[in-house]
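Asker: The structure file model.cif (mmCIF, C-alpha atoms and all ligand atoms) is provided below.
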```
data_model
loop_
_atom_site.group_PDB
_atom_site.id
_atom_site.type_symbol
_atom_site.label_atom_id
_atom_site.label_comp_id
_atom_site.auth_asym_id
_atom_site.auth_seq_id
_atom_site.Cartn_x
_atom_site.Cartn_y
_atom_site.Cartn_z
ATOM 1 C CA MET A 1 -40.803 3.783 5.453
ATOM 2 C CA GLY A 2 -38.485 6.783 5.392
ATOM 3 C CA LYS A 3 -36.133 4.704 7.449
ATOM 4 C CA LYS A 4 -35.698 2.199 4.673
ATOM 5 C CA GLU A 5 -34.479 4.887 2.315
ATOM 6 C CA GLU A 6 -31.895 6.026 4.798
ATOM 7 C CA GLU A 7 -30.525 2.534 5.011
ATOM 8 C CA THR A 8 -30.243 2.316 1.262
ATOM 9 C CA VAL A 9 -28.205 5.505 1.218
ATOM 10 C CA LEU A 10 -25.900 4.172 3.911
ATOM 11 C CA GLY A 11 -25.439 0.953 1.973
ATOM 12 C CA ILE A 12 -23.481 2.606 -0.838
ATOM 13 C CA PRO A 13 -19.981 1.089 -0.849
ATOM 14 C CA TYR A 14 -17.822 3.760 0.625
ATOM 15 C CA THR A 15 -14.182 3.250 1.485
ATOM 16 C CA GLY A 16 -13.308 6.588 3.006
ATOM 17 C CA GLY A 17 -14.330 5.582 6.499
ATOM 18 C CA HIS A 18 -16.451 8.686 7.053
ATOM 19 C CA PRO A 19 -20.204 8.758 6.530
ATOM 20 C CA PRO A 20 -21.179 11.258 3.851
ATOM 21 C CA PRO A 21 -22.064 14.438 5.730
ATOM 22 C CA GLY A 22 -25.633 15.565 5.581
ATOM 23 C CA MET A 23 -26.707 13.190 2.899
ATOM 24 C CA VAL A 24 -28.224 10.606 5.159
ATOM 25 C CA TYR A 25 -31.076 12.873 6.108
ATOM 26 C CA GLN A 26 -32.198 13.767 2.602
ATOM 27 C CA PRO A 27 -34.809 11.437 1.146
ATOM 28 C CA GLN A 28 -33.666 12.189 -2.398
ATOM 29 C CA PRO A 29 -30.009 13.172 -2.428
ATOM 30 C CA PRO A 30 -28.794 14.940 -5.559
ATOM 31 C CA PRO A 31 -26.267 13.063 -7.693
ATOM 32 C CA GLN A 32 -22.827 13.305 -6.104
ATOM 33 C CA PRO A 33 -20.034 12.794 -8.617
ATOM 34 C CA GLN A 34 -17.485 13.081 -5.805
ATOM 35 C CA TYR A 35 -18.364 9.569 -4.769
ATOM 36 C CA TYR A 36 -16.417 8.161 -7.659
ATOM 37 C CA TYR A 37 -13.274 10.035 -6.745
ATOM 38 C CA VAL A 38 -13.409 8.905 -3.149
ATOM 39 C CA ALA A 39 -13.981 5.278 -4.012
ATOM 40 C CA LYS A 40 -11.341 5.206 -6.723
ATOM 41 C CA ASN A 41 -8.246 5.199 -4.595
ATOM 42 C CA PRO A 42 -8.536 4.401 -0.918
ATOM 43 C CA TYR A 43 -4.731 4.508 -0.500
ATOM 44 C CA GLN A 44 -4.439 8.158 -1.338
ATOM 45 C CA SER A 45 -6.518 9.171 1.649
ATOM 46 C CA GLY A 46 -4.325 7.051 3.917
ATOM 47 C CA ILE A 47 -2.427 9.422 6.134
ATOM 48 C CA LEU A 48 0.489 8.016 8.071
ATOM 49 C CA PRO A 49 0.382 8.322 11.844
ATOM 50 C CA PRO A 50 2.953 10.672 13.445
ATOM 51 C CA ASN A 51 4.892 7.766 14.932
ATOM 52 C CA ALA A 52 5.708 6.243 11.525
ATOM 53 C CA ILE A 53 9.413 6.042 10.667
ATOM 54 C CA PHE A 54 11.123 5.215 7.396
ATOM 55 C CA ASP A 55 14.751 4.823 8.413
ATOM 56 C CA ASP A 56 16.909 3.096 10.955
ATOM 57 C CA PRO A 57 14.939 2.986 14.222
ATOM 58 C CA LYS A 58 18.197 3.699 16.124
ATOM 59 C CA GLY A 59 17.100 1.596 19.048
ATOM 60 C CA ALA A 60 13.503 2.847 19.238
ATOM 61 C CA PRO A 61 11.060 0.028 19.972
ATOM 62 C CA ILE A 62 9.175 -1.012 16.852
ATOM 63 C CA HIS A 63 5.527 -1.683 17.303
ATOM 64 C CA GLN A 64 4.713 -2.857 13.788
ATOM 65 C CA THR A 65 6.483 -2.872 10.431
ATOM 66 C CA PHE A 66 4.859 -2.482 7.021
ATOM 67 C CA TYR A 67 7.116 -4.078 4.436
ATOM 68 C CA ARG A 68 6.784 -2.513 0.998
ATOM 69 C CA ASP A 69 9.299 -1.690 -1.742
ATOM 70 C CA THR A 70 12.016 0.067 0.199
ATOM 71 C CA PRO A 71 14.227 -1.205 3.041
ATOM 72 C CA ALA A 72 12.045 -1.283 6.127
ATOM 73 C CA PRO A 73 12.902 -0.336 9.711
ATOM 74 C CA PHE A 74 12.399 -3.505 11.701
ATOM 75 C CA SER A 75 13.321 -5.504 14.721
ATOM 76 C CA CYS A 76 14.482 -9.016 13.816
ATOM 77 C CA VAL A 77 12.470 -11.794 15.418
ATOM 78 C CA PHE A 78 15.391 -14.197 14.947
ATOM 79 C CA CYS A 79 18.317 -12.266 16.379
ATOM 80 C CA SER A 80 16.535 -9.200 17.857
ATOM 81 C CA HIS A 81 18.765 -6.902 15.832
ATOM 82 C CA SER A 82 17.061 -3.650 14.853
ATOM 83 C CA SER A 83 17.950 -1.667 11.748
ATOM 84 C CA VAL A 84 16.593 -1.644 8.204
ATOM 85 C CA THR A 85 16.014 -4.772 6.113
ATOM 86 C CA SER A 86 17.979 -5.602 3.020
ATOM 87 C CA VAL A 87 15.654 -6.066 0.073
ATOM 88 C CA ARG A 88 15.928 -8.567 -2.745
ATOM 89 C CA SER A 89 13.518 -8.542 -5.663
ATOM 90 C CA LYS A 90 12.073 -11.001 -8.127
ATOM 91 C CA PRO A 91 10.002 -10.261 -11.267
ATOM 92 C CA SER A 92 6.259 -10.398 -10.685
ATOM 93 C CA LEU A 93 3.366 -11.064 -13.003
ATOM 94 C CA ALA A 94 2.638 -7.346 -12.975
ATOM 95 C CA ALA A 95 6.109 -6.695 -14.351
ATOM 96 C CA PHE A 96 5.565 -9.135 -17.226
ATOM 97 C CA ILE A 97 2.178 -7.674 -18.039
ATOM 98 C CA GLY A 98 3.599 -4.152 -17.887
ATOM 99 C CA CYS A 99 6.183 -5.192 -20.449
ATOM 100 C CA MET A 100 3.629 -6.583 -22.838
ATOM 101 C CA MET A 101 1.017 -3.864 -22.654
ATOM 102 C CA PRO A 102 0.973 -1.623 -25.735
ATOM 103 C CA ALA A 103 0.307 1.411 -23.553
ATOM 104 C CA MET A 104 3.525 0.748 -21.677
ATOM 105 C CA LEU A 105 5.798 0.618 -24.710
ATOM 106 C CA GLY A 106 9.042 2.195 -23.784
ATOM 107 C CA PHE A 107 8.916 0.833 -20.268
ATOM 108 C CA CYS A 108 10.346 -2.514 -19.551
ATOM 109 C CA PHE A 109 9.750 -3.606 -16.016
ATOM 110 C CA LEU A 110 11.886 -6.677 -16.424
ATOM 111 C CA CYS A 111 15.217 -4.908 -16.072
ATOM 112 C CA PRO A 112 16.582 -4.759 -12.543
ATOM 113 C CA SER A 113 16.652 -0.973 -12.705
ATOM 114 C CA MET A 114 12.868 -0.981 -13.157
ATOM 115 C CA ASP A 115 12.101 -3.369 -10.352
ATOM 116 C CA CYS A 116 9.280 -1.318 -8.854
ATOM 117 C CA LEU A 117 6.743 -3.952 -9.864
ATOM 118 C CA TRP A 118 8.813 -6.868 -8.666
ATOM 119 C CA HIS A 119 8.147 -8.902 -5.576
ATOM 120 C CA LYS A 120 10.260 -7.716 -2.668
ATOM 121 C CA TYR A 121 11.770 -9.952 -0.050
ATOM 122 C CA HIS A 122 13.058 -8.447 3.158
ATOM 123 C CA TYR A 123 16.023 -10.034 4.895
ATOM 124 C CA CYS A 124 17.750 -9.331 8.166
ATOM 125 C CA PRO A 125 21.182 -7.855 7.347
ATOM 126 C CA ARG A 126 22.682 -9.433 10.445
ATOM 127 C CA CYS A 127 21.477 -13.047 10.561
ATOM 128 C CA GLY A 128 20.307 -13.299 6.955
ATOM 129 C CA GLU A 129 16.867 -14.699 7.800
ATOM 130 C CA LYS A 130 13.934 -13.656 5.657
ATOM 131 C CA VAL A 131 11.669 -11.503 7.807
ATOM 132 C CA ALA A 132 8.924 -10.622 5.336
ATOM 133 C CA ASP A 133 7.891 -10.561 1.735
ATOM 134 C CA PHE A 134 5.887 -8.038 -0.223
ATOM 135 C CA GLU A 135 4.397 -9.669 -3.282
ATOM 136 C CA LYS A 136 2.947 -7.653 -6.110
ATOM 137 C CA SER A 137 0.286 -10.187 -6.859
ATOM 138 C CA ASP A 138 -2.084 -7.729 -8.497
ATOM 139 C CA PRO A 139 -1.343 -7.284 -12.214
ATOM 140 C CA CYS A 140 -3.485 -4.129 -12.158
ATOM 141 C CA ALA A 141 -0.651 -2.460 -10.243
ATOM 142 C CA VAL A 142 0.762 -1.641 -13.665
ATOM 143 C CA MET A 143 -2.046 0.836 -14.200
ATOM 144 C CA ASP A 144 -1.288 2.657 -10.986
ATOM 145 C CA PRO A 145 2.011 4.535 -11.459
ATOM 146 C CA PRO A 146 1.765 6.552 -8.199
ATOM 147 C CA HIS A 147 1.932 3.261 -6.336
ATOM 148 C CA TRP A 148 4.681 1.539 -8.278
ATOM 149 C CA VAL A 149 6.987 2.259 -5.410
ATOM 150 C CA GLU A 150 5.578 2.229 -1.923
ATOM 151 C CA ARG A 151 7.807 3.141 0.968
ATOM 152 C CA SER A 152 8.206 0.715 3.799
ATOM 153 C CA PHE A 153 7.634 2.098 7.244
ATOM 154 C CA ALA A 154 7.316 1.092 10.845
ATOM 155 C CA LEU A 155 5.325 2.360 13.769
ATOM 156 C CA THR A 156 7.159 3.010 16.979
ATOM 157 C CA SER A 157 5.333 2.405 20.180
HETATM 158 ZN ZN ZN B 1 18.238 -11.211 12.397
#
```
Represent the structure from my file as structure tokens, please.

Answerer:
Amino acid sequence: MGKKEEETVLGIPYTGGHPPPGMVYQPQPPPQPQYYYVAKNPYQSGILPPNAIFDDPKGAPIHQTFYRDTPAPFSCVFCSHSSVTSVRSKPSLAAFIGCMMPAMLGFCFLCPSMDCLWHKYHYCPRCGEKVADFEKSDPCAVMDPPHWVERSFALTS
């Protein structure tokens, strides 16, 4: 009987990855407004591992690359060259919506100097092959200024 209640508490959608401390054992937990802050932005709690690099790997073996808005350290699968990608961008739906939203008057995301909401395509500077793309497919990105520009990074092994 009491067990059922515990399960209900655990079933609250929670993106932080840690179980709420102490709360599981209280049959009637007090209202916890902090929940909303935690669930609001899972990215902000994301802490990069110590082996993440943002620049030229300088020969270090790359374990995995996360391609975002900035040139990413990578190891080319086509010519096995390692350096940083060259990025080309293309306007995304989010950029169009950002331009049309009354709240965003004064910003126009459609000029190349405001390409933070554009799709990014990563190319190998040596062989010219496309190695990855980072598409801003979520129009809601407009409402999230801290994440307009996300840095690319790679994990070294
Ligand atoms: Zn290449």

Asker: Show me which residues are within 12 Å of ligand ZN 1 (chain B) counting all atoms listed in the file, and format the list as a VMD selection string.

Answerer: chain A and resid 74 to 86 122 to 132

Asker: Take the selection from the previous step and output its residues with C-alpha atoms, as a PDB file, in the coordinates of the input.

Answerer:
```pdb
ATOM      1  CA  PHE A  74      12.399  -3.505  11.701  1.00  0.00           C
ATOM      2  CA  SER A  75      13.321  -5.504  14.721  1.00  0.00           C
ATOM      3  CA  CYS A  76      14.482  -9.016  13.816  1.00  0.00           C
ATOM      4  CA  VAL A  77      12.470 -11.794  15.418  1.00  0.00           C
ATOM      5  CA  PHE A  78      15.391 -14.197  14.947  1.00  0.00           C
ATOM      6  CA  CYS A  79      18.317 -12.266  16.379  1.00  0.00           C
ATOM      7  CA  SER A  80      16.535  -9.200  17.857  1.00  0.00           C
ATOM      8  CA  HIS A  81      18.765  -6.902  15.832  1.00  0.00           C
ATOM      9  CA  SER A  82      17.061  -3.650  14.853  1.00  0.00           C
ATOM     10  CA  SER A  83      17.950  -1.667  11.748  1.00  0.00           C
ATOM     11  CA  VAL A  84      16.593  -1.644   8.204  1.00  0.00           C
ATOM     12  CA  THR A  85      16.014  -4.772   6.113  1.00  0.00           C
ATOM     13  CA  SER A  86      17.979  -5.602   3.020  1.00  0.00           C
ATOM     14  CA  HIS A 122      13.058  -8.447   3.158  1.00  0.00           C
ATOM     15  CA  TYR A 123      16.023 -10.034   4.895  1.00  0.00           C
ATOM     16  CA  CYS A 124      17.750  -9.331   8.166  1.00  0.00           C
ATOM     17  CA  PRO A 125      21.182  -7.855   7.347  1.00  0.00           C
ATOM     18  CA  ARG A 126      22.682  -9.433  10.445  1.00  0.00           C
ATOM     19  CA  CYS A 127      21.477 -13.047  10.561  1.00  0.00           C
ATOM     20  CA  GLY A 128      20.307 -13.299   6.955  1.00  0.00           C
ATOM     21  CA  GLU A 129      16.867 -14.699   7.800  1.00  0.00           C
ATOM     22  CA  LYS A 130      13.934 -13.656   5.657  1.00  0.00           C
ATOM     23  CA  VAL A 131      11.669 -11.503   7.807  1.00  0.00           C
ATOM     24  CA  ALA A 132       8.924 -10.622   5.336  1.00  0.00           C
TER      25      ALA A 132
END
```

Asker: Compare A:Ser137, A:Tyr121, A:Pro57, A:Thr70 by their minimum atom-to-atom distance to Phe96 (chain A), counting all atoms listed in the file, and give me the closest one.

Answerer: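 The closest residue to Phe96 (chain A) is A:Ser137.
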
Asker: Closest to Pro146 (chain A) among A:Leu117, A:Cys108, A:Ile53, A:Ala60, using all atoms listed in the file?

Answerer: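 Checking each candidate against Pro146 (chain A), we get A:Leu117 as the closest.
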
Asker: Find the residues around Phe134 (chain A) up to 7 Å (only C-alpha atoms counted), leave out those fewer than 4 positions away in its own chain, and share them as an MDAnalysis selection string.

Answerer: chainID A and resid 67:68 119:121

Asker: Can you work out the spacing between CA of Ala141 (chain A) and CA of Pro73 (chain A) in Å, to one decimal?

Answerer: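 Here the two named atoms are 24.2 Å from each other.
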
Asker: To one decimal in Å, tell me the separation between CA of Pro49 (chain A) and CA of Glu150 (chain A).

Answerer: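 Value for the CA of Pro49 (chain A)-CA of Glu150 (chain A) distance: 15.9 Å.
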
Asker: Name all residues at most 10 Å from Met114 (chain A) (count only C-alpha atoms; drop same-chain ones fewer than 6 positions away) and give them as a list in words.

Answerer: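 Counting only the stated atoms, we get Pro91, Ala95, Phe107, Cys108 and Trp148 of chain A.
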
Asker: Could you tell me how far CA of Thr156 (chain A) sits from CA of Asp144 (chain A), in Å to one decimal place?

Answerer: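 These two atoms are separated by 29.2 Å.
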
Asker: Could you tell me which residues the PyMOL selection byres (((chain A and resi 157) around 9) and not hetatm) returns for this structure, as a ChimeraX atom specification?

Answerer: /A:51,60-64,155-156

Asker: List the residues selected by the PyMOL selection byres (((chain A and resi 93) around 12) and not hetatm) in the file shown, writing them as a ChimeraX atom specification.

Answerer: /A:90-92,94-100,109-110,115,117-119,135-142
